[in-house]
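The next block is run.pdb, given as PDB, C-alpha atoms and all ligand atoms.
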```
ATOM      1  CA  MET A   1       0.000   0.000   0.000
ATOM      2  CA  LYS A   2       1.470   3.312  -1.065
ATOM      3  CA  VAL A   3       0.548   6.649   0.498
ATOM      4  CA  LEU A   4       1.661   9.738  -1.400
ATOM      5  CA  ILE A   5       2.032  13.187   0.107
ATOM      6  CA  ALA A   6       1.522  15.569  -2.835
ATOM      7  CA  THR A   7       1.968  19.118  -1.635
ATOM      8  CA  GLU A   8       2.887  21.998  -3.898
ATOM      9  CA  LYS A   9       3.144  24.019  -0.662
ATOM     10  CA  PRO A  10       5.020  21.598   1.643
ATOM     11  CA  PHE A  11       4.223  20.741   5.245
ATOM     12  CA  ALA A  12       6.814  21.595   7.883
ATOM     13  CA  PRO A  13       9.417  18.749   7.909
ATOM     14  CA  VAL A  14       8.353  17.747  11.427
ATOM     15  CA  ALA A  15       4.829  17.085  10.122
ATOM     16  CA  VAL A  16       6.160  14.936   7.276
ATOM     17  CA  GLU A  17       8.117  12.932   9.871
ATOM     18  CA  GLY A  18       4.923  12.425  11.891
ATOM     19  CA  ILE A  19       2.961  11.312   8.845
ATOM     20  CA  LYS A  20       5.758   8.910   7.897
ATOM     21  CA  LYS A  21       5.646   7.302  11.355
ATOM     22  CA  GLU A  22       1.863   6.751  11.162
ATOM     23  CA  VAL A  23       2.016   5.348   7.645
ATOM     24  CA  GLU A  24       4.981   3.038   8.314
ATOM     25  CA  ALA A  25       3.538   1.822  11.611
ATOM     26  CA  ALA A  26       0.558   0.596   9.605
ATOM     27  CA  GLY A  27       2.931  -1.272   7.293
ATOM     28  CA  TYR A  28       2.485   1.082   4.336
ATOM     29  CA  GLU A  29       5.035   2.909   2.236
ATOM     30  CA  LEU A  30       5.262   6.708   2.088
ATOM     31  CA  ALA A  31       6.157   8.655  -1.066
ATOM     32  CA  LEU A  32       6.738  12.391  -1.140
ATOM     33  CA  LEU A  33       6.153  14.913  -3.918
ATOM     34  CA  GLU A  34       6.741  18.471  -2.746
ATOM     35  CA  LYS A  35       6.997  21.854  -4.464
ATOM     36  CA  TYR A  36       6.130  20.404  -7.842
ATOM     37  CA  THR A  37       6.004  22.973 -10.583
ATOM     38  CA  ASP A  38       4.254  21.055 -13.286
ATOM     39  CA  LYS A  39       1.052  19.027 -13.375
ATOM     40  CA  THR A  40       2.863  16.200 -15.156
ATOM     41  CA  GLN A  41       4.940  15.584 -12.012
ATOM     42  CA  LEU A  42       1.737  15.059 -10.058
ATOM     43  CA  LEU A  43       0.264  12.809 -12.748
ATOM     44  CA  GLU A  44       3.392  10.668 -12.645
ATOM     45  CA  ALA A  45       3.545  10.488  -8.856
ATOM     46  CA  VAL A  46      -0.080   9.399  -8.423
ATOM     47  CA  ALA A  47       0.209   6.495 -10.906
ATOM     48  CA  ASP A  48       0.846   3.836  -8.246
ATOM     49  CA  ALA A  49      -0.583   5.568  -5.155
ATOM     50  CA  ASP A  50      -3.369   3.926  -3.156
ATOM     51  CA  ALA A  51      -3.894   7.058  -1.059
ATOM     52  CA  ILE A  52      -2.932  10.713  -1.419
ATOM     53  CA  ILE A  53      -2.563  13.412   1.207
ATOM     54  CA  ILE A  54      -2.906  16.896  -0.276
ATOM     55  CA  ARG A  55      -3.341  20.530   0.721
ATOM     56  CA  SER A  56      -4.704  23.068  -1.801
ATOM     57  CA  ASP A  57      -3.402  20.874  -4.615
ATOM     58  CA  LYS A  58      -5.810  20.624  -7.521
ATOM     59  CA  ILE A  59      -7.122  17.113  -7.936
ATOM     60  CA  THR A  60      -8.765  17.226 -11.330
ATOM     61  CA  PRO A  61     -10.435  14.478 -13.428
ATOM     62  CA  GLU A  62      -7.081  14.077 -15.169
ATOM     63  CA  VAL A  63      -5.421  13.170 -11.861
ATOM     64  CA  PHE A  64      -8.091  10.560 -11.125
ATOM     65  CA  ASP A  65      -7.603   9.104 -14.625
ATOM     66  CA  ALA A  66      -3.856   8.824 -13.990
ATOM     67  CA  ALA A  67      -4.231   7.328 -10.491
ATOM     68  CA  LYS A  68      -5.277   3.813 -11.383
ATOM     69  CA  GLN A  69      -4.886   2.383  -7.865
ATOM     70  CA  LEU A  70      -6.263   5.320  -5.936
ATOM     71  CA  LYS A  71      -8.845   4.615  -3.260
ATOM     72  CA  ILE A  72      -8.709   7.672  -1.025
ATOM     73  CA  VAL A  73      -7.689  11.341  -1.119
ATOM     74  CA  VAL A  74      -7.388  13.221   2.156
ATOM     75  CA  ARG A  75      -7.238  16.986   2.031
ATOM     76  CA  ALA A  76      -5.145  17.865   5.105
ATOM     77  CA  GLY A  77      -7.202  20.927   5.898
ATOM     78  CA  ALA A  78     -10.737  22.228   5.775
ATOM     79  CA  GLY A  79     -11.693  23.428   2.301
ATOM     80  CA  TYR A  80     -11.967  20.782  -0.404
ATOM     81  CA  ASP A  81     -13.011  22.994  -3.318
ATOM     82  CA  ASN A  82      -9.724  21.974  -4.982
ATOM     83  CA  VAL A  83     -10.875  18.375  -5.407
ATOM     84  CA  ASP A  84     -13.262  17.399  -8.200
ATOM     85  CA  LEU A  85     -15.697  15.406  -6.092
ATOM     86  CA  GLU A  86     -17.763  14.271  -9.053
ATOM     87  CA  ALA A  87     -14.714  12.764 -10.739
ATOM     88  CA  ALA A  88     -13.677  11.147  -7.431
ATOM     89  CA  THR A  89     -17.055   9.511  -7.001
ATOM     90  CA  LYS A  90     -17.048   8.392 -10.635
ATOM     91  CA  HIS A  91     -13.705   6.682 -10.022
ATOM     92  CA  GLY A  92     -14.923   5.175  -6.731
ATOM     93  CA  VAL A  93     -12.433   7.259  -4.723
ATOM     94  CA  VAL A  94     -13.287   8.416  -1.210
ATOM     95  CA  VAL A  95     -12.448  12.058  -0.454
ATOM     96  CA  MET A  96     -12.030  13.318   3.112
ATOM     97  CA  ASN A  97     -10.945  16.521   4.812
ATOM     98  CA  THR A  98      -9.569  17.025   8.336
ATOM     99  CA  PRO A  99     -11.934  19.658   9.752
ATOM    100  CA  GLY A 100     -10.688  21.825  12.613
ATOM    101  CA  GLN A 101      -7.085  20.649  12.542
ATOM    102  CA  ASN A 102      -5.638  23.897  11.220
ATOM    103  CA  ALA A 103      -8.360  26.247  12.496
ATOM    104  CA  ASN A 104      -6.380  27.908  15.274
ATOM    105  CA  ALA A 105      -3.512  28.725  12.920
ATOM    106  CA  VAL A 106      -5.859  30.484  10.516
ATOM    107  CA  ALA A 107      -7.607  32.311  13.343
ATOM    108  CA  GLU A 108      -4.303  33.568  14.780
ATOM    109  CA  LEU A 109      -3.305  34.910  11.382
ATOM    110  CA  VAL A 110      -6.552  36.899  11.222
ATOM    111  CA  PHE A 111      -5.316  38.903  14.190
ATOM    112  CA  GLY A 112      -1.766  39.130  12.887
ATOM    113  CA  LEU A 113      -3.148  40.734   9.755
ATOM    114  CA  LEU A 114      -5.674  42.874  11.601
ATOM    115  CA  VAL A 115      -3.161  44.468  13.945
ATOM    116  CA  PHE A 116      -0.904  45.094  10.940
ATOM    117  CA  ALA A 117      -3.801  46.766   9.100
ATOM    118  CA  VAL A 118      -5.135  48.976  11.889
ATOM    119  CA  ARG A 119      -1.556  50.049  12.738
ATOM    120  CA  LYS A 120      -1.228  51.395   9.193
ATOM    121  CA  PHE A 121       1.021  48.535   8.050
ATOM    122  CA  TYR A 122       3.603  49.690  10.599
ATOM    123  CA  ASN A 123       4.364  52.899   8.710
ATOM    124  CA  GLY A 124       5.156  54.819  11.886
ATOM    125  CA  THR A 125       1.974  56.929  12.004
ATOM    126  CA  ALA A 126      -0.892  56.618  14.513
ATOM    127  CA  GLY A 127      -3.315  53.811  13.817
ATOM    128  CA  THR A 128      -6.273  52.489  15.794
ATOM    129  CA  GLU A 129      -6.918  49.653  18.261
ATOM    130  CA  LEU A 130      -9.046  46.563  18.036
ATOM    131  CA  MET A 131     -10.433  46.860  21.576
ATOM    132  CA  GLY A 132     -14.052  48.010  21.599
ATOM    133  CA  LYS A 133     -14.542  47.492  17.861
ATOM    134  CA  ARG A 134     -17.226  45.113  16.610
ATOM    135  CA  LEU A 135     -15.913  42.116  14.698
ATOM    136  CA  GLY A 136     -18.313  40.251  12.427
ATOM    137  CA  ILE A 137     -17.554  36.627  11.742
ATOM    138  CA  LEU A 138     -19.094  35.260   8.575
ATOM    139  CA  ALA A 139     -19.623  31.541   9.146
ATOM    140  CA  PHE A 140     -19.265  30.095  12.585
ATOM    141  CA  GLY A 141     -17.324  26.942  11.807
ATOM    142  CA  ASN A 142     -14.045  25.784  13.319
ATOM    143  CA  VAL A 143     -12.083  28.856  12.220
ATOM    144  CA  GLY A 144     -14.896  31.294  13.034
ATOM    145  CA  ARG A 145     -15.164  29.929  16.577
ATOM    146  CA  ASN A 146     -11.430  30.304  17.161
ATOM    147  CA  VAL A 147     -11.575  33.839  15.793
ATOM    148  CA  ALA A 148     -14.373  34.621  18.274
ATOM    149  CA  ARG A 149     -12.317  33.258  21.172
ATOM    150  CA  ILE A 150      -9.259  35.335  20.302
ATOM    151  CA  ALA A 151     -11.334  38.470  19.554
ATOM    152  CA  LYS A 152     -12.641  38.412  23.113
ATOM    153  CA  GLY A 153      -9.068  38.488  24.371
ATOM    154  CA  PHE A 154      -8.564  41.687  22.381
ATOM    155  CA  GLY A 155     -11.650  43.156  24.082
ATOM    156  CA  MET A 156     -13.648  43.239  20.871
ATOM    157  CA  GLU A 157     -17.428  42.999  20.553
ATOM    158  CA  VAL A 158     -18.177  39.901  18.504
ATOM    159  CA  SER A 159     -21.051  39.102  16.142
ATOM    160  CA  ALA A 160     -21.469  36.184  13.777
ATOM    161  CA  PHE A 161     -23.739  34.931  11.056
ATOM    162  CA  ASP A 162     -23.850  31.423   9.674
ATOM    163  CA  ALA A 163     -26.557  30.259   7.287
ATOM    164  CA  TYR A 164     -26.110  26.697   8.585
ATOM    165  CA  CYS A 165     -25.587  27.279  12.305
ATOM    166  CA  PRO A 166     -28.547  28.188  14.528
ATOM    167  CA  ALA A 167     -28.466  31.537  16.363
ATOM    168  CA  GLU A 168     -28.709  29.682  19.710
ATOM    169  CA  VAL A 169     -25.420  27.902  19.070
ATOM    170  CA  ILE A 170     -23.734  31.219  18.257
ATOM    171  CA  GLU A 171     -25.228  32.893  21.325
ATOM    172  CA  ALA A 172     -24.208  29.948  23.530
ATOM    173  CA  ALA A 173     -20.597  30.737  22.574
ATOM    174  CA  GLY A 174     -21.070  34.254  23.944
ATOM    175  CA  VAL A 175     -21.280  35.805  20.487
ATOM    176  CA  GLN A 176     -24.087  38.012  19.211
ATOM    177  CA  ALA A 177     -25.962  36.283  16.393
ATOM    178  CA  ALA A 178     -26.674  38.597  13.461
ATOM    179  CA  LYS A 179     -29.995  37.967  11.704
ATOM    180  CA  SER A 180     -28.450  37.952   8.266
ATOM    181  CA  GLN A 181     -25.261  38.398   6.338
ATOM    182  CA  GLU A 182     -26.489  41.900   5.430
ATOM    183  CA  GLU A 183     -26.980  42.828   9.073
ATOM    184  CA  LEU A 184     -23.507  41.559   9.932
ATOM    185  CA  PHE A 185     -21.869  43.855   7.376
ATOM    186  CA  GLN A 186     -24.022  46.822   8.406
ATOM    187  CA  GLN A 187     -23.290  46.478  12.107
ATOM    188  CA  CYS A 188     -19.611  45.570  12.241
ATOM    189  CA  ASP A 189     -16.415  47.597  11.987
ATOM    190  CA  ILE A 190     -14.501  44.598  10.691
ATOM    191  CA  VAL A 191     -15.854  41.516   8.917
ATOM    192  CA  SER A 192     -13.787  38.334   8.836
ATOM    193  CA  LEU A 193     -14.707  35.792   6.144
ATOM    194  CA  HIS A 194     -14.797  32.093   6.966
ATOM    195  CA  ILE A 195     -17.152  30.743   4.329
ATOM    196  CA  PRO A 196     -16.143  27.934   1.979
ATOM    197  CA  ALA A 197     -16.081  28.487  -1.791
ATOM    198  CA  THR A 198     -19.291  26.890  -3.040
ATOM    199  CA  ALA A 199     -21.706  27.602  -5.898
ATOM    200  CA  GLU A 200     -23.725  29.624  -3.403
ATOM    201  CA  THR A 201     -20.875  31.692  -1.933
ATOM    202  CA  LYS A 202     -18.713  32.373  -5.005
ATOM    203  CA  GLN A 203     -18.647  36.126  -5.774
ATOM    204  CA  SER A 204     -21.095  36.663  -2.896
ATOM    205  CA  ILE A 205     -18.993  39.295  -1.134
ATOM    206  CA  ASN A 206     -20.000  42.106  -3.396
ATOM    207  CA  ARG A 207     -20.317  45.846  -3.647
ATOM    208  CA  LYS A 208     -23.702  45.943  -1.936
ATOM    209  CA  LEU A 209     -22.575  44.020   1.137
ATOM    210  CA  VAL A 210     -19.194  45.675   1.656
ATOM    211  CA  GLY A 211     -20.617  49.053   0.669
ATOM    212  CA  SER A 212     -23.075  48.816   3.551
ATOM    213  CA  MET A 213     -20.238  48.851   6.101
ATOM    214  CA  LYS A 214     -19.657  51.791   8.430
ATOM    215  CA  LYS A 215     -16.974  54.375   7.759
ATOM    216  CA  GLY A 216     -13.509  52.839   8.085
ATOM    217  CA  GLY A 217     -14.765  49.282   7.540
ATOM    218  CA  ILE A 218     -12.298  46.450   7.017
ATOM    219  CA  VAL A 219     -12.945  43.139   5.276
ATOM    220  CA  ILE A 220     -10.450  40.420   6.097
ATOM    221  CA  ASN A 221     -10.406  37.272   4.016
ATOM    222  CA  THR A 222      -8.601  34.141   5.169
ATOM    223  CA  ALA A 223     -11.107  31.890   3.388
ATOM    224  CA  ARG A 224     -11.057  31.765  -0.429
ATOM    225  CA  LYS A 225     -10.515  34.405  -3.121
ATOM    226  CA  GLU A 226     -13.457  33.010  -5.091
ATOM    227  CA  VAL A 227     -15.991  34.335  -2.572
ATOM    228  CA  ILE A 228     -15.081  37.917  -3.494
ATOM    229  CA  ASN A 229     -16.590  39.765  -6.415
ATOM    230  CA  GLU A 230     -13.270  41.401  -7.251
ATOM    231  CA  ALA A 231     -14.539  43.774  -9.951
ATOM    232  CA  GLU A 232     -17.223  45.155  -7.658
ATOM    233  CA  LEU A 233     -14.865  45.438  -4.705
ATOM    234  CA  ILE A 234     -12.391  47.415  -6.816
ATOM    235  CA  GLU A 235     -15.178  49.780  -7.903
ATOM    236  CA  LEU A 236     -16.212  50.240  -4.313
ATOM    237  CA  LEU A 237     -12.672  50.857  -3.024
ATOM    238  CA  ASN A 238     -12.350  53.555  -5.665
ATOM    239  CA  GLU A 239     -15.458  55.276  -4.343
ATOM    240  CA  ARG A 240     -15.139  54.602  -0.613
ATOM    241  CA  THR A 241     -11.608  55.666   0.258
ATOM    242  CA  ASP A 242     -12.249  54.765   3.911
ATOM    243  CA  LEU A 243     -12.533  51.001   3.320
ATOM    244  CA  LYS A 244      -9.769  48.396   3.570
ATOM    245  CA  TYR A 245      -9.385  44.904   2.112
ATOM    246  CA  ILE A 246      -6.920  42.545   3.781
ATOM    247  CA  THR A 247      -6.473  39.025   2.492
ATOM    248  CA  ASP A 248      -4.471  35.841   2.875
ATOM    249  CA  ILE A 249      -5.472  34.701  -0.611
ATOM    250  CA  MET A 250      -4.072  36.894  -3.344
ATOM    251  CA  PRO A 251      -6.862  38.118  -5.612
ATOM    252  CA  ASP A 252      -6.633  37.547  -9.365
ATOM    253  CA  ALA A 253      -6.649  41.346  -9.694
ATOM    254  CA  ASP A 254      -3.810  41.841  -7.175
ATOM    255  CA  ALA A 255      -2.121  44.455  -9.385
ATOM    256  CA  LYS A 256      -5.289  46.577  -9.415
ATOM    257  CA  PHE A 257      -5.847  46.190  -5.675
ATOM    258  CA  LYS A 258      -2.238  47.264  -5.049
ATOM    259  CA  GLU A 259      -3.212  50.715  -6.305
ATOM    260  CA  PHE A 260      -5.171  51.162  -3.061
ATOM    261  CA  GLU A 261      -2.070  51.959  -1.097
ATOM    262  CA  GLY A 262      -2.520  51.758   2.638
ATOM    263  CA  ARG A 263      -5.918  50.098   2.211
ATOM    264  CA  TYR A 264      -4.997  46.743   0.739
ATOM    265  CA  PHE A 265      -2.685  43.941   1.749
ATOM    266  CA  SER A 266      -2.308  40.389   0.526
ATOM    267  CA  THR A 267       0.105  37.757   1.733
ATOM    268  CA  PRO A 268       2.201  36.513  -1.203
ATOM    269  CA  LYS A 269       1.152  32.912  -0.594
ATOM    270  CA  LYS A 270      -1.692  31.621   1.601
ATOM    271  CA  MET A 271      -0.172  31.547   5.101
ATOM    272  CA  GLY A 272      -3.184  30.769   7.313
ATOM    273  CA  ALA A 273      -2.436  27.109   7.898
ATOM    274  CA  GLN A 274       1.347  27.496   7.581
ATOM    275  CA  THR A 275       2.403  26.615  11.107
ATOM    276  CA  ALA A 276       4.238  23.524  12.318
ATOM    277  CA  GLU A 277       1.343  22.825  14.692
ATOM    278  CA  ALA A 278      -1.341  23.029  11.999
ATOM    279  CA  ASN A 279       0.759  20.928   9.609
ATOM    280  CA  ILE A 280       1.301  18.293  12.305
ATOM    281  CA  ASN A 281      -2.369  18.264  13.342
ATOM    282  CA  ALA A 282      -3.804  18.141   9.826
ATOM    283  CA  GLY A 283      -1.104  15.892   8.358
ATOM    284  CA  ILE A 284      -1.227  13.288  11.097
ATOM    285  CA  ALA A 285      -5.034  13.361  11.153
ATOM    286  CA  ALA A 286      -4.948  12.697   7.396
ATOM    287  CA  ALA A 287      -2.552   9.760   7.864
ATOM    288  CA  LYS A 288      -4.692   8.299  10.668
ATOM    289  CA  GLN A 289      -7.847   8.667   8.582
ATOM    290  CA  ILE A 290      -6.187   6.790   5.725
ATOM    291  CA  VAL A 291      -5.061   3.979   8.039
ATOM    292  CA  SER A 292      -8.477   3.585   9.638
ATOM    293  CA  PHE A 293     -10.126   3.703   6.211
ATOM    294  CA  PHE A 294      -7.979   0.806   4.981
ATOM    295  CA  LYS A 295      -7.984  -1.169   8.244
ATOM    296  CA  ASP A 296     -11.571  -0.580   9.491
ATOM    297  CA  GLY A 297     -13.442   0.911   6.538
ATOM    298  CA  CYS A 298     -13.957   4.122   8.516
ATOM    299  CA  THR A 299     -15.420   6.911   6.335
ATOM    300  CA  LYS A 300     -16.216   9.402   9.090
ATOM    301  CA  PHE A 301     -14.806  12.466   7.344
ATOM    302  CA  GLN A 302     -15.856  11.546   3.821
ATOM    303  CA  VAL A 303     -17.120  14.578   1.894
ATOM    304  CA  ASN A 304     -18.263  12.879  -1.325
ATOM    305  CA  LYS A 305     -20.961  10.629   0.170
TER     306      LYS A 305
HETATM  307  C1  LIG B 401      -7.865  25.023   4.476
HETATM  308  O1  LIG B 401      -8.831  24.979   3.721
HETATM  309  O2  LIG B 401      -7.621  24.122   5.295
HETATM  310  C2  LIG B 401      -6.963  26.234   4.481
HETATM  311  O3  LIG B 401      -7.348  27.128   3.491
HETATM  312  C3  LIG B 401      -5.484  25.894   4.386
HETATM  313  O4  LIG B 401      -5.061  25.588   3.112
HETATM  314  P1  LIG B 401      -3.561  25.107   2.795
HETATM  315  O5  LIG B 401      -3.378  23.743   3.325
HETATM  316  O6  LIG B 401      -3.441  25.194   1.304
HETATM  317  O7  LIG B 401      -2.630  26.087   3.461
END
```
Show this structure as C-alpha cells.
Amino acid sequence: MKVLIATEKPFAPVAVEGIKKEVEAAGYELALLEKYTDKTQLLEAVADADAIIIRSDKITPEVFDAAKQLKIVVRAGAGYDNVDLEAATKHGVVVMNTPGQNANAVAELVFGLLVFAVRKFYNGTAGTELMGKRLGILAFGNVGRNVARIAKGFGMEVSAFDAYCPAEVIEAAGVQAAKSQEELFQQCDIVSLHIPATAETKQSINRKLVGSMKKGGIVINTARKEVINEAELIELLNERTDLKYITDIMPDADAKFKEFEGRYFSTPKKMGAQTAEANINAGIAAAKQIVSFFKDGCTKFQVNK
C-alpha cells in the first residue's frame, strides 16, 4: 500500500516525519512529492498511489484518470473545493478533509493581519486599536469559533452569522448572532470571512454588502478568493476611500488592488495554515484517517458521500 504526500506548498518537515511514522507503523510505504512545478509531475507520482494526502493541490479528473490504484484522497485541511468530487465519485475514490485541525492557525493569522492593518502597516503613524470594535464573523465553523475566542481576548465585541448554524449555538458561545449576512456587514467595523467556496458563496462578497459597512470598515479574508466579487470590490474601493481589504489569498486582480495603497494587503502565498502545529495536526489526522479507512473501513470524514 502506497501513500503519497503531494503538496505543492510543503508541510513543515516535522509534520512529514509524523505522517511517515503513522504510515509506516501501519505497514504502508510513504512517497513524497513536494513543491512540484508542473502538473505532469503530479500525474506521474499518483500512478501507483493507493492514497494521497494533499493541501490546496488541484485534484482534477485528469489526476483521477492517472491514479489507477487510488482509493482515497485526504485533504489535510478544511476546504476541499480543490478536489473534483464528481470525478472522485465516478472513479470510486473516497475524499475526506480534516476539519478543525488547522483552524487555530488560521484564526491567529486573522489577528496578525488585523493588527498590521489597523496600525497602518507599521508605517510609523498613529493607527487604531481593536479593543471596543465590533468584529463580524461570517460563518461560525471551526475557524470562526477560534476567531471569536481570540477576539474576546482583544476586548472586541463579537457578532457572527452562519446560514447553517442556529443563532442559539452562536449565542451559547457568547457571540451576538446577526440575523443575516447583510446585518452583519451593516453592524460591524470589521468583517472576517470564513465561508467555503461553493456555488452559493462564489462572488457573494460584493459591492452591496461591503458598501453597507460603516466608515472605516475592514474586510479580512482568510477563506477563499473566489468568494469575493473582485470587480465590484475594486469599484467600491475607488469610491469609498475609507474602506480596507486585507487578504491571505491573493486576488486575481492583485495588481489593481495594489493601487489602493494603505488600504490593501495580501500575503504573497496563503499563510493561514502554515504553522508547524497546523501541519502536524492536519497531516497526522490525514494519515490516521487513511489507516483507519484501509484497516476498518472508517469513512467518518468523507465529503463525497
Ligand atoms: C484550508 O482549507 O484548510 C486552508 O485554506 C489551508 O489551506 P492550505 O493547506 O493550502 O494552506
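The space between CA of Ala76 (chain A) and CA of Ala276 (chain A) spans 13.1 Å.
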- Message: Could you list the protein, DNA and RNA residues that have any atom within 6 Å of ligand LIG 401 (chain B), counting all atoms listed in the file, and write them as a ChimeraX atom specification?
- Response: /A:55-56,77-79,270,273-274
- Between A:Ala12, A:Ala173, A:Val143, A:Val303, which one has atoms that come closest to Ser159 (chain A), using all atoms listed in the file? A:Ala173
Exactly which residues make up the result of the PyMOL selection byres (((chain A and resi 97) around 9) and not hetatm) on this file, given as a tab-separated table (two decimals) with C-alpha atoms, in the frame of the given file?
```tsv
chain	number	residue	atom	x	y	z
A	73	VAL	CA	-7.69	11.34	-1.12
A	74	VAL	CA	-7.39	13.22	2.16
A	75	ARG	CA	-7.24	16.99	2.03
A	76	ALA	CA	-5.14	17.86	5.11
A	77	GLY	CA	-7.20	20.93	5.90
A	78	ALA	CA	-10.74	22.23	5.78
A	79	GLY	CA	-11.69	23.43	2.30
A	80	TYR	CA	-11.97	20.78	-0.40
A	95	VAL	CA	-12.45	12.06	-0.45
A	96	MET	CA	-12.03	13.32	3.11
A	98	THR	CA	-9.57	17.02	8.34
A	99	PRO	CA	-11.93	19.66	9.75
A	282	ALA	CA	-3.80	18.14	9.83
A	286	ALA	CA	-4.95	12.70	7.40
A	301	PHE	CA	-14.81	12.47	7.34
A	302	GLN	CA	-15.86	11.55	3.82
A	303	VAL	CA	-17.12	14.58	1.89
```
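The gap separating CA of Val175 (chain A) from CA of Ile150 (chain A) is 12.0 Å, in Å to one decimal.
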- Task: Report the residues retrieved by the PyMOL selection byres (((chain A and resi 38-53) around 9) and not hetatm) from the displayed file, expressed as number ranges by chain.
- Result: A: 1-7, 31-33, 36-37, 54-55, 62-76, 283, 286-287, 290
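Between Leu114 (chain A) and the candidates A:Thr247, A:Asn102, A:Asn206, A:Thr89, the tightest atom-to-atom separation, counting all atoms listed in the file, involves A:Thr247.
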- Task: Quick one: pull the distance between CA of Ala172 (chain A) and CA of Val147 (chain A), Å, one decimal.
- Result: 15.3 Å
- Tell me, as number ranges by chain, which residues lie within 6 Å of region 179-196 of chain A, counting all atoms listed in the file; anything in the same chain fewer than 6 positions away does not count. A: 134-139, 212-213, 217-221, 223
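Using all atoms listed in the file, the protein and nucleic acid residues lying no more than 7 Å from Ile59 (chain A), apart from those fewer than 5 places from it along its own chain, are Asn82, Val83 and Asp84 of chain A.
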- Message: Suppose a student applies the PyMOL selection byres (((chain A and resi 237) around 12) and not hetatm) to this structure; what residues should they get, written as JSON, numbers by chain?
- Response: {"A": [206, 207, 210, 211, 216, 217, 218, 219, 230, 231, 232, 233, 234, 235, 236, 238, 239, 240, 241, 242, 243, 244, 245, 256, 257, 258, 259, 260, 261, 262, 263, 264]}
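Residues within 10 Å of Leu113 (chain A), counting only C-alpha atoms and excluding same-chain residues fewer than 4 positions away, are Glu108, Leu109, Ala117, Val118, Arg119, Phe121, Ile220, Asn221, Thr222, Ile246, Thr247, Asp248, Phe265, Ser266 and Thr267 of chain A.
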